[in-house]
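Novice: Structure below; questions to follow.
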Amino acid sequence: MPHTAPIPRLEIRNLTRSFEGNQVVKGVSLKVLPGQVTCLLGPSGCGKSTTLRMIAGVEMQDSGEIYVDGNLICDTVFRVPPERRSIGLMFQDFALFPHLSVAENVAFGLKGDKDSKRARVEELLNKVAMGRYIDSYPHELSGGEQQRVALARALAPKPRIMLMDEPFSGLDNRLRDDIRDETLAVLKDEDTAVLLVTHEPEEAMRMADEIALMRDGLIVQQGAPYNIYNNPVDKRAVAFFSDIN
Ligand code: ADP
Ligand code: MG
């Protein structure tokens, strides 16, 4: 029987984007396979967030295509709106709604009747170990607890792919490793593939199945973390990884 490769949860082909004549994303292509975390790793200003924002649909690309589960969701003439892309978002500045309870925050993007929404909210809050805070408000929670609720909220509508832009940068060091591990476990359990943006090599090494190393608007190397770490493409990549110990 022929071996067929899995359909990527997310595929982007040759995405480009300029601001005021300055091209900051110069033809980025990558795939995220089911069950995997792909990490877009690169220094500040290299175009990571712009790439993620185009996939999310909050920024329009100049050229290139975006596919979810093999279906075209955006090119230069066709565009599925952000809320219909089956994409979950966790961005640095995506805070919880302060005036809504934990339950209301998680239920926010959900459709359906009251009972099914409540069941999904409880299921997710239990998965992120926040079940007993269901009626709390964001200001009553610690940073780590808010992060767990934000993860539950992003997962509630069962996105096919989760986009995370430096989601752990607001957490203090003591918490960060634990939250990273817990987040990965919940994402795997929910069968959500992940495209994670970070400028920290250590975070990519810890979390990624696949790393796409980005620089000046282009992916310069892609592969398993171990391979990239051991065979960096050039001196600048070596320098970039040298702060890992
Ligand atoms: P990263 O997330 O890798 O730090 P960004 O994608 O945020 O990089 O930014 C890449 C480049 O594009 C930066 O030079 C940034 O200043 C520029 N840029 C991003 N968004 C805009 C915008 N809306 N208008 C003008 N320049 C922008
Ligand atoms: Mg950024």
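Following the order of the structure tokens, chains are lettered A, B, ..., residues in each are numbered from 1, and ligands are numbered from 1.
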Taking only C-alpha atoms and all ligand atoms into account, list the residues no farther than 8 Å from ligand 2, as a list of chain:residue names.

Specialist: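 For ligand 2, the residues inside 8 Å are A:Ser44, A:Gly45, A:Gly47, A:Lys48, A:Ser49, A:Thr50, A:Asp165, A:Glu166, A:Val197, A:Thr198.
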
Novice: Output C-alpha atoms for every residue in the selection just made, as a short mmCIF file (atom, residue, chain, number, x, y, z; two decimals), in the first residue's frame.

Specialist:
```
data_model
loop_
_atom_site.label_atom_id
_atom_site.label_comp_id
_atom_site.auth_asym_id
_atom_site.auth_seq_id
_atom_site.Cartn_x
_atom_site.Cartn_y
_atom_site.Cartn_z
CA SER A 44 13.26 40.49 17.42
CA GLY A 45 12.10 42.31 14.29
CA GLY A 47 8.94 39.22 10.90
CA LYS A 48 7.58 36.46 13.16
CA SER A 49 4.56 38.32 14.51
CA THR A 50 3.65 39.68 11.10
CA ASP A 165 3.11 34.53 19.97
CA GLU A 166 5.62 34.63 22.84
CA VAL A 197 6.61 32.09 17.88
CA THR A 198 9.55 32.87 20.12
#
```

Novice: Identify, counting only C-alpha atoms and all ligand atoms, the protein, DNA and RNA residues located within 10 Å of ligand 1, and give them as a PyMOL selection string.

Specialist: chain A and resi 17-25+40-54+59+165-166+197-199+214-217

Novice: Nearest residue to Leu163 (chain A) out of A:Met130, A:Ala95, A:Leu213, A:Ile87, using only C-alpha atoms?

Specialist: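 Nearest candidate to Leu163 (chain A) out of A:Met130, A:Ala95, A:Leu213, A:Ile87: A:Ile87.
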
Novice: Tell me, which residues of region 67-232 of chain A carry DSSP helix (DSSP H, G or I), written as a ChimeraX atom specification?

Specialist: /A:82-84,102-107,114-127,131-133,138-140,143-155,173-189,201-207,225-230

Novice: Quick check, in Å to one decimal: how far apart do CA of Ala129 (chain A) and CA of Arg148 (chain A) lie?

Specialist: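 So the two atoms, CA of Ala129 (chain A) and CA of Arg148 (chain A), lie 8.0 Å apart.
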
Novice: Write out as CSV the residues of region 147-223 of chain A that have any atom within 9 Å of an atom of region 67-86 of chain A, one row each with the nearest atom pair and its distance in Å to one decimal, counting only C-alpha atoms, sorted by chain and then rising number.

Specialist:
```
residue,atom,partner,partner_atom,distance
A:Pro157,CA,A:Ser86,CA,8.0
A:Lys158,CA,A:Ser86,CA,7.6
A:Pro159,CA,A:Ser86,CA,4.7
A:Arg160,CA,A:Ser86,CA,5.6
A:Ile161,CA,A:Ser86,CA,6.9
A:Met162,CA,A:Ser86,CA,8.8
```

Novice: Could the residues in this selection be saved with C-alpha atoms as an mmCIF file, in the first residue's frame?

Specialist:
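Written out: again.cif:
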```cif
data_model
loop_
_atom_site.group_PDB
_atom_site.id
_atom_site.type_symbol
_atom_site.label_atom_id
_atom_site.label_comp_id
_atom_site.auth_asym_id
_atom_site.auth_seq_id
_atom_site.Cartn_x
_atom_site.Cartn_y
_atom_site.Cartn_z
ATOM 1 C CA PRO A 157 -13.906 26.136 20.151
ATOM 2 C CA LYS A 158 -11.593 23.176 19.304
ATOM 3 C CA PRO A 159 -9.252 24.962 16.906
ATOM 4 C CA ARG A 160 -7.353 22.772 14.431
ATOM 5 C CA ILE A 161 -4.236 24.830 14.996
ATOM 6 C CA MET A 162 -3.123 27.161 17.771
#
```

Novice: Which of these, A:Thr4, A:Ser29, A:Thr16, A:Asn126, has the shortest distance to Ala212 (chain A) once you count only C-alpha atoms?

Specialist: A:Ser29

Novice: What gap, in Å, lies between CA of Ala156 (chain A) and CA of Glu200 (chain A)?

Specialist: 27.7 Å

Novice: Between A:Leu196, A:Leu124, A:Val238, A:Met205, which one has atoms that come closest to Gly223 (chain A), using only C-alpha atoms?

Specialist: A:Met205

Novice: Do a neighbour search on region 226-228 of chain A at 12 Å with only C-alpha atoms, toss out local chain neighbours closer than 4 positions, and write the hits as a short mmCIF file (atom, residue, chain, number, x, y, z; two decimals) with C-alpha atoms, in the first residue's frame.

Specialist:
```cif
data_model
loop_
_atom_site.label_atom_id
_atom_site.label_comp_id
_atom_site.auth_asym_id
_atom_site.auth_seq_id
_atom_site.Cartn_x
_atom_site.Cartn_y
_atom_site.Cartn_z
CA CYS A 39 8.40 26.79 16.41
CA LEU A 41 12.31 31.08 16.10
CA PRO A 201 16.22 29.38 21.55
CA GLU A 202 15.77 27.65 24.89
CA ALA A 204 12.12 26.38 21.07
CA MET A 205 14.45 23.58 22.13
CA ARG A 206 12.16 22.70 25.00
CA MET A 207 8.84 22.82 23.19
CA ALA A 208 9.26 22.22 19.47
CA ASP A 209 9.05 19.07 17.38
CA GLU A 210 10.25 21.18 14.46
CA ILE A 211 12.06 24.52 14.43
CA ALA A 212 11.92 27.03 11.58
CA LEU A 213 14.76 29.47 12.10
CA VAL A 220 16.99 30.14 6.83
CA GLN A 221 16.86 26.64 8.30
CA GLN A 222 14.22 24.13 9.30
CA PRO A 232 23.43 25.49 12.54
CA VAL A 233 23.33 26.89 9.04
CA ASP A 234 25.94 29.62 9.57
CA ALA A 237 22.76 30.89 13.72
CA VAL A 238 25.55 29.65 15.99
CA PHE A 240 21.89 32.96 18.11
CA PHE A 241 22.01 29.57 19.87
#
```

Novice: So that I can check the secondary structure, give me every residue of region 121-217 of chain A assigned strand (DSSP E) by backbone DSSP, as a VMD selection string.

Specialist: chain A and resid 161 to 165 193 to 198 210 to 215

Novice: From the set A:Met60, A:Leu151, A:Val32, A:Val194, which residue has the shortest atom-to-atom contact distance to Lys127 (chain A), counting only C-alpha atoms?

Specialist: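 For Lys127 (chain A), the nearest of the given residues is A:Leu151.
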
Novice: So that I can check the surroundings of Glu123 (chain A), please list as a VMD selection string every protein, DNA and RNA residue that reaches within 12 Å of it, counting only C-alpha atoms and ignoring chain neighbours fewer than 4 positions away.

Specialist: chain A and resid 103 106 to 107 116 to 119 127 to 132 134 152 to 153 155 to 156 186 189 to 190

Novice: Restricting the calculation to only C-alpha atoms, which member of A:Ala154, A:Tyr229, A:Ala193, A:Gly88 is positioned closest to Ile55 (chain A)?

Specialist: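 Distance minimum relative to Ile55 (chain A) lands on A:Gly88.
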
Novice: Show which residues sit within 9 Å of Gly144 (chain A), as a list in words. Count only C-alpha atoms, and ignore same-chain residues fewer than 5 positions away.

Specialist: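 Everything that qualifies: Val149, Leu171, Asp172, Leu175, Arg176 and Ile179 of chain A.
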
Novice: Only C-alpha atoms, please: the residues just picked out, written as a compact mmCIF listing (two decimals), in the first residue's frame.

Specialist:
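Output below, filename again-v9.txt:
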```
# COMPACT_ATOMS: atom_id res chain seq x y z
CA VAL A 149 -7.61 30.23 31.78
CA LEU A 171 5.51 34.96 33.35
CA ASP A 172 8.30 34.89 35.89
CA LEU A 175 6.64 29.49 36.71
CA ARG A 176 7.60 29.43 33.08
CA ILE A 179 3.47 26.33 32.46
```

Novice: Report, in Å with one decimal, the straight-line distance from CA of Val28 (chain A) to CA of Ala5 (chain A).

Specialist: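 Atom-to-atom, CA of Val28 (chain A) and CA of Ala5 (chain A) are spaced 21.4 Å apart.
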